[in-house]
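Trainee: Submitted below is the structure of interest, expressed as structure tokens.
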Amino acid sequence: MKETFDVAIIGAGPAGISAACTLADAGIKTIVIERGEYPGAKNVSGGVLYGHNLAEILPDYTERKCPIERNIVEMRIWYLSKEAGYSIGYRDSIFTGDRKYNAFTVGRAKFDRWFAEQAHKKGALVVPSTTVADLLRDGNGTVTGVVTSRVDGEVRARVTLLANGINSPLAAVTGYRAEPKPEQIALAVKETIELPAEVIEQRFGVSAGNGVTTEILGEMTGGMSGVAVIYTNRDTLSLSIGANLAELAKNKLKPYDMIESFKQHPMVAPLIADGQPREYIAHWLAEGGYDAMPKLYGDGYLIAGDSAMLFNALHREGNNLAMASGKMAAETIIEALNKNDCSRRGLSAYGERMAESFVIKDMKKYRRFGSFLYQHNELYTQLPRLASFAAREMLTVNGVSKKQKQKLIMKEIRSKTSLFKLLRLLWRGWRSVK
Amino acid sequence: MHIVCCVKQVPDTTQVKIDPETNTLIRAGVESICNPYDLVAVEAAVQLVERYTGRVTVISMGPPQAESALRECLSIGANEAILLSDRAFAGADTLATSYTLSQAITKINAAEPVDLIICGKQAIDGDTAQTGPGIATWMGYTQLTYVSEIIGIENGNITVRREIEGGCEVIQGRLPAMLTAELELASIRYATLPELIRALRYEVKVWGAKDINAAPEKLGLKGSPTSVREIFAPPVRGGGISFDAKEKKEQAVEDFLGALFTKEKTLMEEILIKASYAQE
Ligand SMILES: Cc1cc2nc3c(=O)[nH]c(=O)nc-3n(C[C@H](O)[C@H](O)[C@H](O)COP(=O)(O)OP(=O)(O)OC[C@H]3O[C@@H](n4cnc5c(N)ncnc54)[C@H](O)[C@@H]3O)c2cc1C
């Protein structure tokens, strides 16, 4: 194609669109290329977004009618054995007051589309139904644009931003990022279950427009490192469960079976009773952490979001790392274009910006968390069983003295593991996130 | 040559279901697409222009979102696009729709004479196949429906092949003419990147009732004598009777003969009734 652009962005997810908005605001000629029929068509997410990060890009996102499903007022954490479980939650009225929309749920299909429309209104060109098949490079290996699957589909740009997510053949074709290893990936399946809004409000004890997130660890991943979540949307619940790809392959387990038995858990079943399944999708999560990150920039290109393996596995924050990195990439590009230096040197401020921001700080902080989960499968087998055994014994009134019950519990624990092992696990767990 | 194509945005009917309780279409969450027959019509128009030179204008009557259907047409080569959007157009049946479209074409014709109108054979959400012929009637154009091939245009005459019951016919008509397209008429191209970008940037013109000089009583619900009484899914047809001849052959034959002749309403009767329907 004859026309050239200042910036070509691959992927209209949160990372790509955040960058596009920031660039368009600065009057930079930007094209975003998205393989989906429309932005969001190919995206799945349990769907929690954070108001703070969105406001950094669109301060007036509520006036722009951001398609918010529910404002999150309570976060719950569950630890489940097969037929029992612990639950703790934190609810705060500040989340309906001053800090409303601290976190909220969105449907990605709707949100991404809306987000891309805002970029379009600011002047960025968003081209859907078009796949980037390769990068254009000059003789020195500098990236000079992208090659799309359409006729006359080469797009020249001074800078290219790779914001194409985790699951993109482009990584293998171009080698900008090593193909993720199976143990660096979680395969998550998500099922959306439709229920009337009032029923959701009743079951979760929230008023109209508000909602709850539940993050779950335990036996439901069949001994594999992984988590499940339940998020409330306006008139659906998102159930998602994911496990490490390497372990799934090793155990020959199907994620589908995992979600089916999860749905029958006594703490889950009543929440989804009488609901109608609406969609079912599988997706990858970038769980490799800090050590799996590729080089974030090079001559003529930068990488942001999932494509750069930016994902916080403990807090399930992918969207906001994507948005923050997209914005920082854009800010760097603006400077580089002004200085007329889009080489690796000219773009190096991206690395510095990222290192100073919460993005890399968090990635570093949780660097060992993924491998901690991966190496301690007792977290999903023995421990939830023991924890449930203890609670069950203590809470059953059957004439046995509490002292006696304590003895029984300790005996059970010692027979399955040792106090030393438990302490070591605690210590390692703490160290992996400290 | 100037060709006008009329297109409609429709719900993707492969996804539409009927609510068994209220008997209405469940449209929630269903994507809108450009009616596939209409895209074929546009492709055929673009091919004609490539063959004989000229321009293609696409028009659509619909809500503001219908713009995306027009953009799809632009991306495969249409030159201009106009959206007819006005509250006064809402609730139109095929009579009011064809009136509205023909008023718009009359206006287009005044600025740049129209030689040919191409519509899709039918819209997949209504299947009436009346809008194209309606336009031809309002405009007084030659009417050529169910066209599967445009053989050529010469001396103000167009020759086409059209599908008819049990075969096809090749006929000629005088321009200006209105064609309705079968799917075989053309296979839709994959837009090139520059064309797609042009379509995304194009500013679609929007015309309301005033712009097309329309008589208010002929528009929308007011101008529509048709009303829908009921929508329902046809009852699911049960499977036929079967006789297991693998295990007990004789028993199966006996049962079959029994069903054929000795029941209240015999199988024989049913077969005869069906056969006579088929003949009609
Ligand atoms: C089940 C599930 C639940 C999740 N829940 C949460 C959550 O609650 N909160 C949270 O913060 N994060 C969550 N995440 C993670 C979050 O979805 C991702 O971190 C986030 O989407 C990353 O954004 P991105 O823009 O980098 O990539 P993506 O959102 O993946 O966007 C990449 C885009 O690029 C397009 N693309 C890819 N390749 C090409 C190509 N070659 N040409 C053109 N286009 C291309 C894709 O179609 C896609 O639209 C979840 C993920 C999953 C799978």
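All residue names refer to the structure tokens as shown: chains lettered A, B, ... in order, residues numbered from 1 in each chain, ligands numbered from 1 in order.
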Distance limit 9 Å, atoms considered: only C-alpha atoms. Which chain A residues sit that close to chain B? Return them as an MDAnalysis selection string.
Mentor: chainID A and resid 1:3 125:127 130 148:155
Trainee: Around ligand 1, out to 7 Å and counting only C-alpha atoms and all ligand atoms, which residues are there? I want them as JSON, numbers by chain.
Mentor: {"A": [10, 11, 12, 13, 14, 15, 16, 33, 34, 35, 36, 39, 40, 42, 43, 44, 45, 46, 47, 48, 49, 130, 131, 132, 133, 163, 164, 165, 166, 167, 168, 169, 170, 188, 189, 190, 240, 283, 284, 285, 304, 305, 306, 307, 311, 316, 317, 318, 319, 320, 322]}
Trainee: Name the residues of range 175-264 of chain B that come out as alpha helix (DSSP H) in a backbone DSSP run; write them as a ChimeraX atom specification.
Mentor: /B:193-201,249-261
Trainee: Extract, using only C-alpha atoms, all DNA, RNA and protein residues at most 6 Å from range 40-54 of chain B, discarding same-chain residues fewer than 3 positions from it, and format them as number ranges by chain.
Mentor: B: 1-2, 37, 118-120, 181, 186, 188
Trainee: Can you list, as a PyMOL selection string, every residue of range 216-265 of chain A that DSSP puts in strand (DSSP E or B)?
Mentor: chain A and resi 216-218+226-232+236-244
Trainee: Once you have the residues from the selection above, write them out as a tab-separated table (two decimals), in the first residue's frame, restricted to all heavy atoms.
Mentor:
chain	number	residue	atom	x	y	z
A	216	ILE	N	-10.49	-18.33	43.36
A	216	ILE	CA	-10.58	-19.63	44.01
A	216	ILE	C	-9.36	-20.49	43.75
A	216	ILE	O	-8.89	-20.62	42.62
A	216	ILE	CB	-11.84	-20.37	43.50
A	216	ILE	CG1	-13.07	-19.47	43.70
A	216	ILE	CG2	-12.02	-21.69	44.22
A	216	ILE	CD1	-14.18	-19.72	42.72
A	217	LEU	N	-8.88	-21.09	44.83
A	217	LEU	CA	-7.74	-22.01	44.75
A	217	LEU	C	-8.19	-23.32	45.40
A	217	LEU	O	-9.03	-23.30	46.29
A	217	LEU	CB	-6.59	-21.41	45.57
A	217	LEU	CG	-5.17	-21.59	45.08
A	217	LEU	CD1	-5.00	-20.93	43.73
A	217	LEU	CD2	-4.21	-20.96	46.08
A	218	GLY	N	-7.64	-24.42	44.99
A	218	GLY	CA	-7.97	-25.66	45.69
A	218	GLY	C	-8.02	-26.88	44.80
A	218	GLY	O	-7.39	-26.93	43.75
A	226	GLY	N	-3.26	-23.92	39.30
A	226	GLY	CA	-4.26	-23.15	38.57
A	226	GLY	C	-5.24	-22.49	39.50
A	226	GLY	O	-5.20	-22.70	40.71
A	227	VAL	N	-6.08	-21.66	38.94
A	227	VAL	CA	-7.09	-20.99	39.74
A	227	VAL	C	-8.42	-20.99	38.99
A	227	VAL	O	-8.47	-21.24	37.79
A	227	VAL	CB	-6.75	-19.50	40.01
A	227	VAL	CG1	-5.65	-19.35	41.00
A	227	VAL	CG2	-6.45	-18.78	38.72
A	228	ALA	N	-9.46	-20.69	39.75
A	228	ALA	CA	-10.77	-20.49	39.14
A	228	ALA	C	-11.28	-19.14	39.61
A	228	ALA	O	-10.83	-18.62	40.63
A	228	ALA	CB	-11.72	-21.59	39.57
A	229	VAL	N	-12.17	-18.55	38.84
A	229	VAL	CA	-12.79	-17.30	39.28
A	229	VAL	C	-14.29	-17.33	38.96
A	229	VAL	O	-14.73	-18.02	38.05
A	229	VAL	CB	-12.17	-16.05	38.59
A	229	VAL	CG1	-10.69	-15.95	38.87
A	229	VAL	CG2	-12.45	-16.05	37.10
A	230	ILE	N	-15.02	-16.55	39.74
A	230	ILE	CA	-16.43	-16.29	39.43
A	230	ILE	C	-16.60	-14.77	39.47
A	230	ILE	O	-16.31	-14.15	40.48
A	230	ILE	CB	-17.38	-16.94	40.45
A	230	ILE	CG1	-17.16	-18.45	40.49
A	230	ILE	CG2	-18.83	-16.63	40.09
A	230	ILE	CD1	-17.95	-19.15	41.57
A	231	TYR	N	-17.00	-14.19	38.37
A	231	TYR	CA	-17.22	-12.75	38.32
A	231	TYR	C	-18.69	-12.49	38.01
A	231	TYR	O	-19.30	-13.19	37.20
A	231	TYR	CB	-16.37	-12.10	37.22
A	231	TYR	CG	-14.88	-12.14	37.46
A	231	TYR	CD1	-13.99	-12.13	36.39
A	231	TYR	CD2	-14.36	-12.18	38.75
A	231	TYR	CE1	-12.62	-12.15	36.59
A	231	TYR	CE2	-12.99	-12.21	38.96
A	231	TYR	CZ	-12.13	-12.20	37.89
A	231	TYR	OH	-10.77	-12.23	38.09
A	232	THR	N	-19.22	-11.45	38.62
A	232	THR	CA	-20.61	-11.09	38.33
A	232	THR	C	-20.65	-10.04	37.24
A	232	THR	O	-19.98	-9.01	37.32
A	232	THR	CB	-21.29	-10.50	39.58
A	232	THR	OG1	-20.48	-9.43	40.07
A	232	THR	CG2	-21.46	-11.52	40.67
A	236	THR	N	-25.16	-11.95	33.68
A	236	THR	CA	-24.47	-13.23	33.51
A	236	THR	C	-23.42	-13.38	34.62
A	236	THR	O	-23.04	-12.40	35.24
A	236	THR	CB	-23.70	-13.31	32.17
A	236	THR	OG1	-22.76	-12.24	32.10
A	236	THR	CG2	-24.61	-13.28	30.97
A	237	LEU	N	-23.00	-14.61	34.81
A	237	LEU	CA	-21.84	-14.87	35.66
A	237	LEU	C	-20.75	-15.43	34.75
A	237	LEU	O	-21.03	-16.24	33.88
A	237	LEU	CB	-22.17	-15.90	36.74
A	237	LEU	CG	-23.25	-15.52	37.76
A	237	LEU	CD1	-23.50	-16.68	38.71
A	237	LEU	CD2	-22.83	-14.29	38.53
A	238	SER	N	-19.51	-14.98	34.96
A	238	SER	CA	-18.39	-15.58	34.24
A	238	SER	C	-17.74	-16.57	35.18
A	238	SER	O	-17.28	-16.20	36.25
A	238	SER	CB	-17.34	-14.54	33.88
A	238	SER	OG	-17.86	-13.59	33.01
A	239	LEU	N	-17.69	-17.81	34.75
A	239	LEU	CA	-16.95	-18.82	35.51
A	239	LEU	C	-15.74	-19.16	34.68
A	239	LEU	O	-15.87	-19.45	33.49
A	239	LEU	CB	-17.79	-20.09	35.63
A	239	LEU	CG	-18.57	-20.28	36.91
A	239	LEU	CD1	-19.63	-19.21	37.02
A	239	LEU	CD2	-19.20	-21.65	36.94
A	240	SER	N	-14.59	-19.12	35.31
A	240	SER	CA	-13.44	-19.49	34.51
A	240	SER	C	-12.51	-20.32	35.36
A	240	SER	O	-12.40	-20.13	36.57
A	240	SER	CB	-12.82	-18.21	33.95
A	240	SER	OG	-11.45	-18.25	34.01
A	241	ILE	N	-11.90	-21.30	34.74
A	241	ILE	CA	-10.96	-22.15	35.46
A	241	ILE	C	-9.79	-22.43	34.54
A	241	ILE	O	-9.97	-22.67	33.35
A	241	ILE	CB	-11.65	-23.44	35.97
A	241	ILE	CG1	-10.72	-24.25	36.85
A	241	ILE	CG2	-12.20	-24.27	34.84
A	241	ILE	CD1	-11.45	-25.30	37.67
A	242	GLY	N	-8.61	-22.33	35.11
A	242	GLY	CA	-7.45	-22.51	34.25
A	242	GLY	C	-6.41	-23.35	34.96
A	242	GLY	O	-6.35	-23.39	36.18
A	243	ALA	N	-5.62	-24.03	34.18
A	243	ALA	CA	-4.54	-24.80	34.78
A	243	ALA	C	-3.35	-24.75	33.84
A	243	ALA	O	-3.49	-24.45	32.64
A	243	ALA	CB	-4.97	-26.24	35.01
A	244	ASN	N	-2.22	-25.04	34.41
A	244	ASN	CA	-0.98	-25.01	33.66
A	244	ASN	C	-1.04	-25.96	32.47
A	244	ASN	O	-1.45	-27.12	32.59
A	244	ASN	CB	0.13	-25.41	34.61
A	244	ASN	CG	1.47	-25.20	34.00
A	244	ASN	OD1	1.93	-26.01	33.22
A	244	ASN	ND2	2.09	-24.09	34.34
Trainee: Could the residues of range 122-234 of chain B that have an atom at most 6 Å from range 75-88 of chain B be listed as JSON lines, each with its closest atom pair and the distance in Å to one decimal, counting only C-alpha atoms and ordered by chain and ascending residue number?
Mentor:
{"residue": "B:Ala191", "atom": "CA", "partner": "B:Ile76", "partner_atom": "CA", "distance": 5.2}
{"residue": "B:Glu195", "atom": "CA", "partner": "B:Ser75", "partner_atom": "CA", "distance": 5.1}
{"residue": "B:Leu196", "atom": "CA", "partner": "B:Ser75", "partner_atom": "CA", "distance": 4.6}
{"residue": "B:Ala199", "atom": "CA", "partner": "B:Ser75", "partner_atom": "CA", "distance": 5.0}
{"residue": "B:Val204", "atom": "CA", "partner": "B:Ala81", "partner_atom": "CA", "distance": 5.7}
{"residue": "B:Lys205", "atom": "CA", "partner": "B:Ile82", "partner_atom": "CA", "distance": 4.8}
{"residue": "B:Val206", "atom": "CA", "partner": "B:Leu83", "partner_atom": "CA", "distance": 4.7}
{"residue": "B:Trp207", "atom": "CA", "partner": "B:Leu84", "partner_atom": "CA", "distance": 4.9}
{"residue": "B:Gly208", "atom": "CA", "partner": "B:Asp86", "partner_atom": "CA", "distance": 5.0}
{"residue": "B:Gly220", "atom": "CA", "partner": "B:Ala88", "partner_atom": "CA", "distance": 5.7}
Trainee: I'd like the neighbourhood of Ser32 in chain B as a ChimeraX atom specification, where a residue qualifies if any of its atoms comes within 7 Å (using only C-alpha atoms), though same-chain residues fewer than 6 positions away should be ignored.
Mentor: /B:9-12
Trainee: Quick one: everything within 10 Å of Ala129 in chain B, counting only C-alpha atoms, minus sequence neighbours fewer than 3 positions away in the same chain. Send it as a PyMOL selection string.
Mentor: chain B and resi 94+119-124+126+132-134+145-146+180
